[in-house]
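*Asks:* Provided below: query_37.txt, containing compact mmCIF, C-alpha atoms and all ligand atoms.
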# COMPACT_ATOMS: atom_id res chain seq x y z
CA MET A 2 -98.53 99.92 73.29
CA LYS A 3 -101.87 99.26 74.98
CA ALA A 4 -102.72 95.78 73.78
CA TYR A 5 -101.11 92.54 72.71
CA ILE A 6 -103.01 90.27 70.33
CA PHE A 7 -101.86 86.67 70.16
CA ASP A 8 -102.36 84.17 67.40
CA LEU A 9 -102.97 80.66 68.79
CA ASP A 10 -101.58 77.89 66.59
CA GLY A 11 -97.80 78.13 66.42
CA VAL A 12 -97.60 81.04 68.87
CA ILE A 13 -99.20 79.90 72.15
CA VAL A 14 -99.22 76.20 71.43
CA ASP A 15 -97.68 74.01 68.76
CA THR A 16 -100.94 72.77 67.29
CA ALA A 17 -99.48 73.70 63.87
CA LYS A 18 -97.77 70.27 63.80
CA PHE A 19 -101.15 68.54 64.33
CA HIS A 20 -102.77 70.54 61.49
CA PHE A 21 -99.84 69.46 59.28
CA ILE A 22 -100.19 65.74 60.10
CA ALA A 23 -103.97 65.81 59.58
CA TRP A 24 -103.80 67.72 56.25
CA LYS A 25 -100.96 65.49 55.02
CA LYS A 26 -103.22 62.43 55.47
CA ILE A 27 -106.03 64.12 53.50
CA GLY A 28 -103.61 65.01 50.69
CA GLN A 29 -102.36 61.41 50.53
CA GLU A 30 -105.90 60.24 49.74
CA PHE A 31 -105.41 62.06 46.42
CA GLY A 32 -101.78 60.98 45.93
CA PHE A 33 -100.49 64.39 47.06
CA GLU A 34 -97.62 64.75 49.56
CA LEU A 35 -97.88 67.97 51.57
CA THR A 36 -94.40 69.40 52.18
CA HIS A 37 -93.30 71.61 55.10
CA GLU A 38 -92.68 74.38 52.59
CA LEU A 39 -96.23 74.31 51.17
CA ASN A 40 -97.60 73.90 54.70
CA GLU A 41 -96.35 77.43 55.48
CA GLN A 42 -99.08 78.65 53.13
CA LEU A 43 -101.72 76.88 55.23
CA LYS A 44 -100.72 78.48 58.53
CA GLY A 45 -103.27 81.01 59.73
CA VAL A 46 -105.54 80.08 56.82
CA SER A 47 -109.09 78.89 57.59
CA ARG A 48 -110.04 75.20 57.43
CA VAL A 49 -112.11 75.61 54.25
CA ASP A 50 -109.45 77.70 52.46
CA SER A 51 -106.72 75.23 53.53
CA LEU A 52 -108.65 72.30 52.04
CA GLN A 53 -109.27 74.23 48.83
CA LYS A 54 -105.53 74.94 48.51
CA ILE A 55 -104.65 71.26 49.06
CA LEU A 56 -107.16 70.12 46.44
CA ASN A 57 -105.77 72.70 44.01
CA TRP A 58 -102.19 71.51 44.65
CA ALA A 59 -103.35 67.91 44.17
CA GLY A 60 -105.08 68.98 40.94
CA VAL A 61 -108.47 67.52 41.91
CA SER A 62 -111.94 68.90 42.35
CA VAL A 63 -114.60 67.25 44.51
CA SER A 64 -118.35 67.63 45.10
CA GLU A 65 -119.59 69.97 47.81
CA GLU A 66 -120.63 66.94 49.86
CA LYS A 67 -117.16 65.34 49.58
CA PHE A 68 -115.54 68.67 50.44
CA ASP A 69 -117.55 68.92 53.66
CA GLU A 70 -116.81 65.30 54.51
CA LEU A 71 -113.04 65.86 54.05
CA ALA A 72 -113.07 69.05 56.18
CA THR A 73 -115.04 67.29 58.94
CA ARG A 74 -112.78 64.24 58.89
CA LYS A 75 -109.63 66.39 58.99
CA ASN A 76 -111.01 68.26 62.00
CA GLU A 77 -111.90 65.04 63.84
CA ASP A 78 -108.38 63.72 63.25
CA TYR A 79 -106.87 67.07 64.37
CA LEU A 80 -109.02 67.07 67.54
CA SER A 81 -107.87 63.54 68.40
CA TYR A 82 -104.30 64.96 68.69
CA VAL A 83 -105.50 68.05 70.55
CA ALA A 84 -107.27 65.80 73.09
CA GLN A 85 -103.87 64.50 74.21
CA MET A 86 -102.53 68.01 74.99
CA ASN A 87 -102.21 69.59 78.41
CA GLU A 88 -100.61 72.61 80.15
CA ASN A 89 -97.13 71.25 79.32
CA ASP A 90 -97.80 71.84 75.63
CA ILE A 91 -97.89 75.63 76.07
CA LEU A 92 -94.84 76.88 74.16
CA PRO A 93 -91.79 77.94 76.26
CA GLY A 94 -92.00 81.42 77.82
CA VAL A 95 -95.65 82.01 76.86
CA LYS A 96 -97.11 81.78 80.36
CA THR A 97 -94.44 84.04 81.89
CA PHE A 98 -94.95 86.53 79.04
CA LEU A 99 -98.75 86.54 79.58
CA GLU A 100 -98.19 87.03 83.32
CA GLN A 101 -95.81 89.98 82.74
CA THR A 102 -98.21 91.52 80.22
CA LYS A 103 -101.04 91.38 82.79
CA GLN A 104 -98.79 93.00 85.42
CA LYS A 105 -98.00 95.87 83.01
CA ASN A 106 -101.77 96.44 82.53
CA ILE A 107 -101.46 95.74 78.82
CA LYS A 108 -104.67 94.24 77.47
CA ILE A 109 -104.59 90.72 76.04
CA ALA A 110 -106.61 89.33 73.13
CA LEU A 111 -106.60 86.22 71.02
CA GLY A 112 -106.84 86.62 67.23
CA SER A 113 -107.00 83.15 65.73
CA ALA A 114 -108.42 81.65 62.54
CA SER A 115 -109.23 78.46 64.42
CA LYS A 116 -112.79 77.47 65.25
CA ASN A 117 -111.32 75.31 68.02
CA ALA A 118 -109.55 78.19 69.82
CA ARG A 119 -111.75 78.50 72.93
CA PRO A 120 -111.71 74.80 73.94
CA ILE A 121 -107.93 74.70 73.32
CA LEU A 122 -107.29 77.71 75.63
CA GLN A 123 -109.54 76.10 78.23
CA LYS A 124 -107.69 72.81 77.98
CA LEU A 125 -104.36 74.62 78.43
CA GLY A 126 -105.72 76.43 81.52
CA ILE A 127 -104.91 79.94 80.25
CA ILE A 128 -108.28 81.24 79.03
CA SER A 129 -108.59 83.59 82.03
CA TYR A 130 -105.63 85.72 80.80
CA PHE A 131 -107.63 86.89 77.78
CA ASP A 132 -109.69 90.10 77.92
CA ALA A 133 -111.10 89.33 74.45
CA ILE A 134 -111.19 86.29 72.19
CA VAL A 135 -111.78 86.51 68.45
CA ASP A 136 -111.60 83.23 66.56
CA GLY A 137 -112.73 81.52 63.36
CA ASN A 138 -116.35 81.57 64.56
CA ASP A 139 -116.38 85.38 64.80
CA VAL A 140 -115.00 86.42 61.42
CA SER A 141 -116.29 86.35 57.88
CA LYS A 142 -112.93 87.03 56.20
CA ALA A 143 -109.89 84.87 56.89
CA LYS A 144 -106.28 86.10 57.32
CA PRO A 145 -104.57 87.81 55.43
CA ASP A 146 -107.69 89.97 55.77
CA PRO A 147 -107.18 92.08 58.92
CA GLU A 148 -110.76 91.51 60.21
CA VAL A 149 -109.78 89.17 63.07
CA PHE A 150 -107.31 91.69 64.56
CA VAL A 151 -109.51 94.73 63.90
CA ILE A 152 -112.41 93.08 65.81
CA ALA A 153 -109.99 92.18 68.63
CA ALA A 154 -108.88 95.84 68.96
CA GLN A 155 -112.53 96.96 68.93
CA LYS A 156 -113.44 94.43 71.63
CA LEU A 157 -110.54 95.71 73.77
CA GLY A 158 -111.49 99.34 73.11
CA VAL A 159 -108.07 100.35 71.72
CA GLN A 160 -106.85 101.85 68.45
CA ASN A 161 -105.24 99.57 65.87
CA GLU A 162 -101.93 101.49 66.07
CA ASP A 163 -101.73 100.75 69.81
CA CYS A 164 -101.73 96.99 69.20
CA VAL A 165 -98.90 94.49 68.81
CA VAL A 166 -99.71 91.20 67.08
CA PHE A 167 -97.72 88.02 67.71
CA GLU A 168 -97.95 85.74 64.67
CA ASP A 169 -96.24 82.65 63.22
CA SER A 170 -97.84 82.79 59.77
CA GLU A 171 -97.20 84.85 56.66
CA ALA A 172 -100.96 85.42 56.28
CA GLY A 173 -101.23 86.60 59.90
CA VAL A 174 -98.27 89.00 59.68
CA GLN A 175 -99.77 90.46 56.52
CA ALA A 176 -103.16 90.82 58.28
CA ALA A 177 -101.55 92.67 61.21
CA LYS A 178 -99.62 95.06 58.93
CA THR A 179 -102.76 95.78 56.85
CA ALA A 180 -104.59 96.62 60.11
CA GLY A 181 -101.84 99.17 60.92
CA MET A 182 -100.56 97.15 63.87
CA LYS A 183 -97.02 96.20 64.86
CA ALA A 184 -96.26 92.59 63.88
CA ILE A 185 -93.87 90.43 65.87
CA GLY A 186 -93.07 87.24 63.99
CA ILE A 187 -92.64 84.03 65.96
CA GLY A 188 -90.49 81.67 63.90
CA SER A 189 -88.03 82.26 61.11
CA ALA A 190 -87.16 85.64 59.55
CA ASP A 191 -86.75 83.88 56.19
CA VAL A 192 -90.48 83.12 56.18
CA LEU A 193 -91.84 86.14 58.09
CA HIS A 194 -90.03 88.92 56.21
CA GLN A 195 -92.94 91.36 56.49
CA ALA A 196 -92.80 91.33 60.32
CA ASP A 197 -91.34 94.32 62.21
CA GLU A 198 -89.22 91.97 64.32
CA VAL A 199 -88.87 88.19 64.43
CA PHE A 200 -88.07 86.00 67.45
CA SER A 201 -87.68 82.24 67.66
CA GLY A 202 -90.16 82.19 70.57
CA PHE A 203 -91.22 83.90 73.79
CA ASP A 204 -88.16 82.68 75.70
CA ALA A 205 -86.07 84.71 73.24
CA ILE A 206 -88.31 87.78 73.79
CA LEU A 207 -88.01 87.44 77.59
CA ASN A 208 -84.20 87.13 77.36
CA GLN A 209 -83.63 90.07 75.02
P1 LIG B 301 -109.51 75.07 62.68
P2 LIG B 301 -104.23 80.38 63.99
C1 LIG B 301 -105.20 78.62 62.25
O1 LIG B 301 -105.03 79.06 63.55
C2 LIG B 301 -104.13 77.61 61.82
O2 LIG B 301 -102.88 78.24 61.73
C3 LIG B 301 -104.49 77.03 60.49
O3 LIG B 301 -103.52 76.08 60.11
C4 LIG B 301 -105.87 76.38 60.59
O4 LIG B 301 -106.27 75.85 59.34
C5 LIG B 301 -106.87 77.43 61.05
O5 LIG B 301 -106.46 77.97 62.28
C6 LIG B 301 -108.26 76.87 61.21
O6 LIG B 301 -108.28 76.00 62.31
O7 LIG B 301 -109.56 73.99 61.67
O8 LIG B 301 -109.18 74.62 64.08
O9 LIG B 301 -110.76 75.95 62.65
O10 LIG B 301 -102.81 80.16 63.58
O11 LIG B 301 -104.91 81.54 63.28
O12 LIG B 301 -104.44 80.39 65.47
MG MG B 302 -100.66 80.57 63.75
So, in terms of structure tokens, how does the structure I just supplied come out?
Ligand code: B16
Ligand code: MG

*Replies:*
Amino acid sequence: MKAYIFDLDGVIVDTAKFHFIAWKKIGQEFGFELTHELNEQLKGVSRVDSLQKILNWAGVSVSEEKFDELATRKNEDYLSYVAQMNENDILPGVKTFLEQTKQKNIKIALGSASKNARPILQKLGIISYFDAIVDGNDVSKAKPDPEVFVIAAQKLGVQNEDCVVFEDSEAGVQAAKTAGMKAIGIGSADVLHQADEVFSGFDAILNQ
């Protein structure tokens, strides 16, 4: 394998819990309680598509203006949690794994749906590991469409079949498989059944 493509939220850093808290608050404004189970369907999904799903679950429709206001407010709330993060919030084993990947001359890319990916990597002090970054600002089609990973492979100059994707979301695993890449699930095999292999985290990969 020539390249590793990493998802951000839930793989490199546990920002997934901040997305959950912020979306839960938005749902409550419409009397809807977001559960952990339904939240799985929001992982890896763009901000706009996530809000649309929540409004559908809540059984409400809003004006375009209100929709934009809700998406903006959710992001501001999310960023207030992100602002408190530092290097210690990088998930266990990730930095060592990135270091070992560099030493093996395997290329490294980020393939994230988040529009906040670059500032988060900067804040965590690990942006310099990445040979290419593709995030929510660079794609027109959200996961499970493979676009984000296909662009990452192109930017790295490698074939799709030479890439391994590390993903915590169902949508992301599906995107990787559609792109013809190997998908390593980070999380639970019950949720990520389409992945080629599933690990609880990078510590588990390093210890295998
Ligand atoms: P933002 P990933 C995804 O990031 C998250 O999993 C998903 O929950 C979020 O809605 C999406 O980014 C958009 O994030 O609001 O920051 O643009 O997992 O693809 O790294
Ligand atoms: Mg993710």

*Asks:* Counting only C-alpha atoms and all ligand atoms, what are the residues, protein, DNA or RNA alike, that approach ligand LIG 301 (chain B) to within 9 Å? I want them as a ChimeraX atom specification.

*Replies:* /A:7-14,16-21,40-52,72,75-76,79-80,111-118,136-138,143-144,168-170,172-173

*Asks:* Using CA of Asn161 in chain A and CA of Ser201 in chain A as the two end points, give the distance in Å to one decimal.

*Replies:*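 About the pair CA of Asn161 in chain A and CA of Ser201 in chain A: they are 24.7 Å apart.
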
*Asks:* Name the closest residue to Phe167 in chain A among the candidates A:Ala110, A:His194, A:Trp24, A:Phe131; distances are taken between atoms, counting only C-alpha atoms.

*Replies:* A:Ala110

*Asks:* Nearest residue to Tyr5 in chain A out of A:Ala180, A:Leu56, A:Leu71, A:Leu157, using only C-alpha atoms?

*Replies:*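 Checking each candidate against Tyr5 in chain A, we get A:Leu157 as the closest.
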
*Asks:* Any idea what the distance is between CA of Asp163 in chain A and CA of Lys183 in chain A?

*Replies:* 8.2 Å

*Asks:* Quick one, how far is CA of Lys124 in chain A from CA of Ala184 in chain A?

*Replies:*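 About the pair CA of Lys124 in chain A and CA of Ala184 in chain A: they are 26.8 Å apart.
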
*Asks:* Choose the residue, out of A:Ala154, A:Val192, A:Met182, A:Val61, that has the smallest atom-to-atom separation from Glu38 in chain A; count only C-alpha atoms.

*Replies:*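 Of all the options, A:Val192 lies closest to Glu38 in chain A.
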
*Asks:* Assuming the input is short of atoms at range 101-114 of chain A, produce N, CA, C and O atoms for that part as a PDB file, in the frame of the given file.

*Replies:*
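So the final result, stored in rebuild_4.pdb, reads:
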ATOM      1  N   GLN A 101     -96.468  88.655  82.731  1.00  0.00           N
ATOM      2  CA  GLN A 101     -95.810  89.980  82.740  1.00  0.00           C
ATOM      3  C   GLN A 101     -96.678  91.022  82.029  1.00  0.00           C
ATOM      4  O   GLN A 101     -96.734  92.172  82.446  1.00  0.00           O
ATOM      5  N   THR A 102     -97.346  90.603  80.974  1.00  0.00           N
ATOM      6  CA  THR A 102     -98.210  91.520  80.220  1.00  0.00           C
ATOM      7  C   THR A 102     -99.359  91.994  81.105  1.00  0.00           C
ATOM      8  O   THR A 102     -99.688  93.177  81.154  1.00  0.00           O
ATOM      9  N   LYS A 103     -99.955  91.046  81.849  1.00  0.00           N
ATOM     10  CA  LYS A 103    -101.040  91.380  82.790  1.00  0.00           C
ATOM     11  C   LYS A 103    -100.539  92.387  83.829  1.00  0.00           C
ATOM     12  O   LYS A 103    -101.204  93.371  84.119  1.00  0.00           O
ATOM     13  N   GLN A 104     -99.338  92.130  84.380  1.00  0.00           N
ATOM     14  CA  GLN A 104     -98.790  93.000  85.420  1.00  0.00           C
ATOM     15  C   GLN A 104     -98.549  94.418  84.907  1.00  0.00           C
ATOM     16  O   GLN A 104     -98.619  95.381  85.661  1.00  0.00           O
ATOM     17  N   LYS A 105     -98.248  94.536  83.604  1.00  0.00           N
ATOM     18  CA  LYS A 105     -98.000  95.870  83.010  1.00  0.00           C
ATOM     19  C   LYS A 105     -99.300  96.549  82.590  1.00  0.00           C
ATOM     20  O   LYS A 105     -99.274  97.615  81.972  1.00  0.00           O
ATOM     21  N   ASN A 106    -100.447  95.917  82.911  1.00  0.00           N
ATOM     22  CA  ASN A 106    -101.770  96.440  82.530  1.00  0.00           C
ATOM     23  C   ASN A 106    -101.945  96.616  81.027  1.00  0.00           C
ATOM     24  O   ASN A 106    -102.659  97.504  80.573  1.00  0.00           O
ATOM     25  N   ILE A 107    -101.261  95.775  80.270  1.00  0.00           N
ATOM     26  CA  ILE A 107    -101.460  95.740  78.820  1.00  0.00           C
ATOM     27  C   ILE A 107    -102.566  94.734  78.555  1.00  0.00           C
ATOM     28  O   ILE A 107    -102.561  93.638  79.133  1.00  0.00           O
ATOM     29  N   LYS A 108    -103.540  95.132  77.735  1.00  0.00           N
ATOM     30  CA  LYS A 108    -104.670  94.240  77.470  1.00  0.00           C
ATOM     31  C   LYS A 108    -104.239  93.062  76.595  1.00  0.00           C
ATOM     32  O   LYS A 108    -103.315  93.192  75.788  1.00  0.00           O
ATOM     33  N   ILE A 109    -104.954  91.954  76.759  1.00  0.00           N
ATOM     34  CA  ILE A 109    -104.590  90.720  76.040  1.00  0.00           C
ATOM     35  C   ILE A 109    -105.792  90.211  75.247  1.00  0.00           C
ATOM     36  O   ILE A 109    -106.889  90.066  75.795  1.00  0.00           O
ATOM     37  N   ALA A 110    -105.545  89.935  73.955  1.00  0.00           N
ATOM     38  CA  ALA A 110    -106.610  89.330  73.130  1.00  0.00           C
ATOM     39  C   ALA A 110    -106.058  88.156  72.346  1.00  0.00           C
ATOM     40  O   ALA A 110    -104.849  88.045  72.118  1.00  0.00           O
ATOM     41  N   LEU A 111    -106.961  87.286  71.935  1.00  0.00           N
ATOM     42  CA  LEU A 111    -106.600  86.220  71.020  1.00  0.00           C
ATOM     43  C   LEU A 111    -107.174  86.575  69.652  1.00  0.00           C
ATOM     44  O   LEU A 111    -108.313  87.018  69.554  1.00  0.00           O
ATOM     45  N   GLY A 112    -106.366  86.392  68.607  1.00  0.00           N
ATOM     46  CA  GLY A 112    -106.840  86.620  67.230  1.00  0.00           C
ATOM     47  C   GLY A 112    -106.449  85.416  66.400  1.00  0.00           C
ATOM     48  O   GLY A 112    -105.374  85.378  65.816  1.00  0.00           O
ATOM     49  N   SER A 113    -107.335  84.427  66.373  1.00  0.00           N
ATOM     50  CA  SER A 113    -107.000  83.150  65.730  1.00  0.00           C
ATOM     51  C   SER A 113    -108.012  82.799  64.642  1.00  0.00           C
ATOM     52  O   SER A 113    -109.197  83.099  64.768  1.00  0.00           O
ATOM     53  N   ALA A 114    -107.531  82.129  63.604  1.00  0.00           N
ATOM     54  CA  ALA A 114    -108.420  81.650  62.540  1.00  0.00           C
ATOM     55  C   ALA A 114    -109.140  80.369  62.938  1.00  0.00           C
ATOM     56  O   ALA A 114    -110.067  79.938  62.265  1.00  0.00           O
TER      57      ALA A 114
END
